[in-house]
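To start, the structure under review is shown below, and the notes come after it.
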Amino acid sequence: MEKPSKIAPAKGKLGVLLPGLGAVSTTFMAGVELVRKGKAQPVGSLTQMGTIRLGKRTDARSPLIKKFVPLAELKDLTFGGWDIFKDNAYQSAANAGVLNPQDLEKVKPFLSTIKPMKAAFDHDFVKLIDGPNIKKGKNKYELALQIKEDIADFRKTSRASRLVTCWCGSTESFVKPEEVHSTPEKFIEAMKSNHPAIAPSMLYAWASITSGVPFANGAPNLTVDIPAIQTLAHDHNVAICGKDFKTGQTLMKTILAPGFKARMLGLEGWFSTNILGNRDGEVLEDPGSFKTKEESKLSVLEYILQPQLYPQLYGKMCHKVRINYYPPRGDNKEGWDNIDIFGWLGYPMQIKVDFLCRDSILAAPIVLDLVLFLDLAQRAGMRGIQEWLSFYFKSPMTAPGLYPEHDLFIQSMKLKNTLRWMKGEDLITHLGQEYYD
Ligand SMILES: NC(=O)c1ccc[n+]([C@@H]2O[C@H](COP(=O)([O-])OP(=O)(O)OC[C@H]3O[C@@H](n4cnc5c(N)ncnc54)[C@H](O)[C@@H]3O)[C@@H](O)[C@H]2O)c1
């Protein structure tokens, strides 16, 4: 990919389109509004709070990222979305129960104006929920065209100069890449014939990308991880990224595991279990949806620890992940990890992590950063898979044949170096010999 010769300014409004107005989406929108009103801090958001070091350590140049690259400002964000339920964003947020009633009350007028457009839904893909706010059409292609119309209407009514879509809908049943996903032509034929391997999330992706709108995938669904959609992203000069927001337990894993590997500590096993009681948890009770999530969560350790390179340390590790739907907890998930490691001469040790986390509180700033960075990439003319955004995902998308980078610290360096590269600054290698000459 060529270095962007120039980055178009972030002029005008940025429209954020969210398929799925559930816990994550509403926590994100409510949070943006609370921050805009000066009533809260955007904690967890790199674009809002992060700085970037430029040049040597002795140069003392560490601007805020949002001052270094031309990002859209929060005041310019405007929101729209789709859901299978008719609840507006205020009702949905109240239902999700992530934010307390006092915080929600402060943004009630704003959230109440965000009403979901009718969803393209297929019960076969999300078995445990059903709702009334659903599009009708002869086939999947017609539904995708209706989504395109929604996008065009939203562009007009919101007066946004640019749009970004971020999938915050449910986890769909597991689908493997098939022949129908291989080219844009086969994909269209498959939509027309209602092929069972075309998931609703793919319809949103197809509609966005063919409308020139960048697309981020927050769920572990296949969605944009197929050649047909990636070819379209390339041909339409659209930036895409995914998949599955890296929050909670996987975030912890990608913080801890690189540390074990860096110190050459062995790993015998890692058992992770969760209880959660939100709608996401309910959807994950279905074995099809759980399989999609499990695949996304399991690959992390293999890639970080590289057992093929370190067979004595990681060759025999046993990795299990369980998710249990337990309604009393709502969005406040509890994730336990039992980690069996071994050290010098093979002597065993154990680490226990008990993370009482809040899923959507961790996911909301990720949505914000992805929206702002994808819009930046788009204005910089960067098309196709944006691997530098791996930092935000459990299963980062990469070019075919490339293994994904899961180590959070390498991901962070990759992200910041990409920003430096975009702006023509020196990349930072952390070599540091020059300080001792
Ligand atoms: N920390 C996190 O919360 C986290 C982390 C990683 C990934 N995710 C993923 O993000 C997604 C959203 O999570 P959530 O907690 O907000 O879930 P949620 O269940 O609260 O919200 C999802 C919403 O999507 C809607 N939906 C389902 N299919 C749809 C379709 N075809 N079109 C439009 N709307 C549709 C549902 O009705 C629901 O309101 C899930 O896929 C989840 O797995 C969340």
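Order determines the names: the first chain of the structure tokens is A, the second B, and so forth; residues in each chain are numbered 1 upward, and ligands are numbered 1 upward as they are shown.
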
May I have the residues within 6 Å of ligand 1, computed using only C-alpha atoms and all ligand atoms, as a VMD selection string? chain A and resid 19 to 25 82 to 85 119 to 121 168 to 171 200 218 to 219 244 to 247 279 to 280 359 to 360 362 to 363

Name the residues of range 38-253 of chain A that fall into helix (DSSP H, G or I) according to DSSP on the backbone, using the chain letters and numbers of this document, as a ChimeraX atom specification. /A:46-49,57-59,65-68,74-76,89-96,101-106,108-112,140-158,179-181,184-192,200-210,227-235,248-253

Would you list, as a list in words, the residues of range 242-340 of chain A that end up in strand (DSSP E or B) under DSSP run on this structure's backbone?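 The strand (DSSP E or B) residues within range 242-340 of chain A come out as Gly242, Phe245, Gly266, Leu267, Glu268, Gly269, Trp270, Phe271, Ser272, Thr273, Asn274, Ile275, Leu276, Cys318, His319, Lys320, Val321, Arg322, Ile323, Asn324, Tyr325, Glu334, Gly335, Trp336, Asp337, Asn338, Ile339 and Asp340 of chain A.
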
Would you put the residues from that selection into a file with N, CA and C atoms, as an mmCIF file, in the first residue's frame?
data_model
loop_
_atom_site.group_PDB
_atom_site.id
_atom_site.type_symbol
_atom_site.label_atom_id
_atom_site.label_comp_id
_atom_site.auth_asym_id
_atom_site.auth_seq_id
_atom_site.Cartn_x
_atom_site.Cartn_y
_atom_site.Cartn_z
ATOM 1 N N GLY A 242 -12.147 -5.939 10.877
ATOM 2 C CA GLY A 242 -12.847 -6.844 11.768
ATOM 3 C C GLY A 242 -11.827 -7.782 12.361
ATOM 4 N N PHE A 245 -14.987 -7.376 18.573
ATOM 5 C CA PHE A 245 -14.339 -6.430 19.491
ATOM 6 C C PHE A 245 -13.536 -7.164 20.562
ATOM 7 N N GLY A 266 6.522 -21.428 30.369
ATOM 8 C CA GLY A 266 5.706 -22.404 29.646
ATOM 9 C C GLY A 266 4.242 -22.315 30.035
ATOM 10 N N LEU A 267 3.400 -22.883 29.201
ATOM 11 C CA LEU A 267 1.961 -22.902 29.500
ATOM 12 C C LEU A 267 1.433 -24.308 29.288
ATOM 13 N N GLU A 268 0.847 -24.842 30.363
ATOM 14 C CA GLU A 268 0.296 -26.187 30.250
ATOM 15 C C GLU A 268 -1.168 -26.123 29.846
ATOM 16 N N GLY A 269 -1.851 -25.113 30.398
ATOM 17 C CA GLY A 269 -3.272 -25.014 30.074
ATOM 18 C C GLY A 269 -3.853 -23.689 30.500
ATOM 19 N N TRP A 270 -4.984 -23.361 29.833
ATOM 20 C CA TRP A 270 -5.661 -22.087 30.151
ATOM 21 C C TRP A 270 -7.151 -22.369 30.060
ATOM 22 N N PHE A 271 -7.799 -22.341 31.208
ATOM 23 C CA PHE A 271 -9.241 -22.599 31.212
ATOM 24 C C PHE A 271 -9.962 -21.292 31.513
ATOM 25 N N SER A 272 -10.857 -20.897 30.609
ATOM 26 C CA SER A 272 -11.583 -19.630 30.763
ATOM 27 C C SER A 272 -13.067 -19.915 30.821
ATOM 28 N N THR A 273 -13.722 -19.345 31.815
ATOM 29 C CA THR A 273 -15.176 -19.485 31.842
ATOM 30 C C THR A 273 -15.796 -18.132 32.178
ATOM 31 N N ASN A 274 -17.010 -17.932 31.703
ATOM 32 C CA ASN A 274 -17.691 -16.641 31.866
ATOM 33 C C ASN A 274 -19.124 -16.857 32.285
ATOM 34 N N ILE A 275 -19.647 -15.917 33.070
ATOM 35 C CA ILE A 275 -21.105 -15.841 33.192
ATOM 36 C C ILE A 275 -21.522 -14.447 32.748
ATOM 37 N N LEU A 276 -22.554 -14.391 31.939
ATOM 38 C CA LEU A 276 -23.092 -13.091 31.547
ATOM 39 C C LEU A 276 -24.583 -13.214 31.267
ATOM 40 N N CYS A 318 -3.397 -26.879 26.773
ATOM 41 C CA CYS A 318 -4.815 -27.201 26.630
ATOM 42 C C CYS A 318 -5.578 -25.886 26.862
ATOM 43 N N HIS A 319 -6.397 -25.499 25.895
ATOM 44 C CA HIS A 319 -7.086 -24.201 25.986
ATOM 45 C C HIS A 319 -8.587 -24.428 25.833
ATOM 46 N N LYS A 320 -9.348 -24.020 26.849
ATOM 47 C CA LYS A 320 -10.815 -24.195 26.779
ATOM 48 C C LYS A 320 -11.497 -22.885 27.142
ATOM 49 N N VAL A 321 -12.600 -22.614 26.450
ATOM 50 C CA VAL A 321 -13.379 -21.408 26.737
ATOM 51 C C VAL A 321 -14.841 -21.793 26.901
ATOM 52 N N ARG A 322 -15.461 -21.324 27.958
ATOM 53 C CA ARG A 322 -16.889 -21.584 28.189
ATOM 54 C C ARG A 322 -17.607 -20.262 28.414
ATOM 55 N N ILE A 323 -18.842 -20.176 27.916
ATOM 56 C CA ILE A 323 -19.659 -18.984 28.185
ATOM 57 C C ILE A 323 -21.005 -19.479 28.703
ATOM 58 N N ASN A 324 -21.418 -18.979 29.831
ATOM 59 C CA ASN A 324 -22.706 -19.403 30.381
ATOM 60 C C ASN A 324 -23.637 -18.217 30.517
ATOM 61 N N TYR A 325 -24.858 -18.373 30.017
ATOM 62 C CA TYR A 325 -25.868 -17.325 30.129
ATOM 63 C C TYR A 325 -26.464 -17.394 31.525
ATOM 64 N N GLU A 334 -18.757 -11.828 34.498
ATOM 65 C CA GLU A 334 -17.603 -12.234 35.310
ATOM 66 C C GLU A 334 -16.845 -13.297 34.524
ATOM 67 N N GLY A 335 -15.566 -13.071 34.349
ATOM 68 C CA GLY A 335 -14.745 -14.022 33.604
ATOM 69 C C GLY A 335 -13.642 -14.560 34.488
ATOM 70 N N TRP A 336 -13.592 -15.888 34.622
ATOM 71 C CA TRP A 336 -12.525 -16.513 35.420
ATOM 72 C C TRP A 336 -11.535 -17.181 34.488
ATOM 73 N N ASP A 337 -10.281 -17.057 34.833
ATOM 74 C CA ASP A 337 -9.245 -17.755 34.089
ATOM 75 C C ASP A 337 -8.400 -18.534 35.072
ATOM 76 N N ASN A 338 -8.203 -19.793 34.786
ATOM 77 C CA ASN A 338 -7.203 -20.565 35.523
ATOM 78 C C ASN A 338 -6.071 -20.833 34.554
ATOM 79 N N ILE A 339 -4.893 -20.362 34.904
ATOM 80 C CA ILE A 339 -3.764 -20.483 33.981
ATOM 81 C C ILE A 339 -2.691 -21.338 34.646
ATOM 82 N N ASP A 340 -2.381 -22.459 34.006
ATOM 83 C CA ASP A 340 -1.332 -23.347 34.525
ATOM 84 C C ASP A 340 -0.057 -23.083 33.754
#

Do a neighbour search on Gly384 in chain A at 6 Å with only C-alpha atoms, toss out local chain neighbours closer than 6 positions, and write the hits as a ChimeraX atom specification. /A:233-234,238-240

For CA of Phe79 in chain A and CA of Asn217 in chain A, determine how far apart the two atoms are, in Å to one decimal place. 16.9 Å

If you take only C-alpha atoms and a cut-off of 12 Å, which residues of range 381-424 of chain A touch range 37-51 of chain A, and what are their nearest atom pairs and distances in Å to one decimal, in chain and number order, as a Markdown table?
| residue | atom | partner | partner_atom | distance |
| --- | --- | --- | --- | --- |
| A:Leu389 | CA | A:Leu46 | CA | 11.7 |
| A:Phe391 | CA | A:Leu46 | CA | 10.7 |
| A:Tyr392 | CA | A:Leu46 | CA | 10.5 |
| A:Ser412 | CA | A:Leu46 | CA | 10.1 |
| A:Leu415 | CA | A:Leu46 | CA | 10.5 |
| A:Lys416 | CA | A:Thr51 | CA | 9.4 |
| A:Leu419 | CA | A:Thr51 | CA | 11.3 |
| A:Arg420 | CA | A:Thr51 | CA | 11.9 |

One number please: CA of Val300 in chain A to CA of Leu203 in chain A, in Å, one decimal. 27.7 Å

Would you list the contacts of range 393-398 of chain A as JSON, numbers by chain, taking every protein, DNA or RNA residue within 12 Å and counting only C-alpha atoms, but skipping same-chain residues closer than 5 positions in sequence? {"A": [216, 217, 218, 219, 220, 221, 222, 223, 224, 225, 226, 227, 230, 240, 241, 242, 243, 244, 245, 246, 247, 248, 249, 250, 251, 252, 253, 254, 292, 293, 294, 295, 296, 297, 298, 299, 300, 301, 302, 303, 304, 363, 366, 367, 369, 370, 384, 385, 386, 387, 388, 403, 404, 405, 406, 407, 408, 411, 412]}

Nearest residue to Lys75 in chain A from the set A:Lys176, A:Arg36, A:Lys423, A:Lys316 (distances using only C-alpha atoms): A:Arg36

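Of the residues under consideration (A:Val16, A:Val69, A:Ala96, A:Leu345), A:Val69 shows the shortest atom-to-atom contact distance to Thr418 in chain A when counting only C-alpha atoms.
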
Looking at A:Gly31, A:Gly343, A:Pro328, A:Pro116, which one is nearest to Gly281 in chain A, with distances taken over only C-alpha atoms?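 Looking only at the distances to Gly281 in chain A, the closest residue turns out to be A:Pro328.
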
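Closest approach to Arg263 in chain A among A:Leu305, A:Ile428, A:Leu372, A:Leu356 is made by A:Leu305 (distances from only C-alpha atoms).
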
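Our summary of the geometry notes that CA of Thr113 in chain A is positioned 14.4 Å from CA of Leu17 in chain A.
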
Hey, which of A:His236, A:His181, A:Lys261, A:Lys13 ends up closest to Thr78 in chain A? Count only C-alpha atoms. A:Lys13
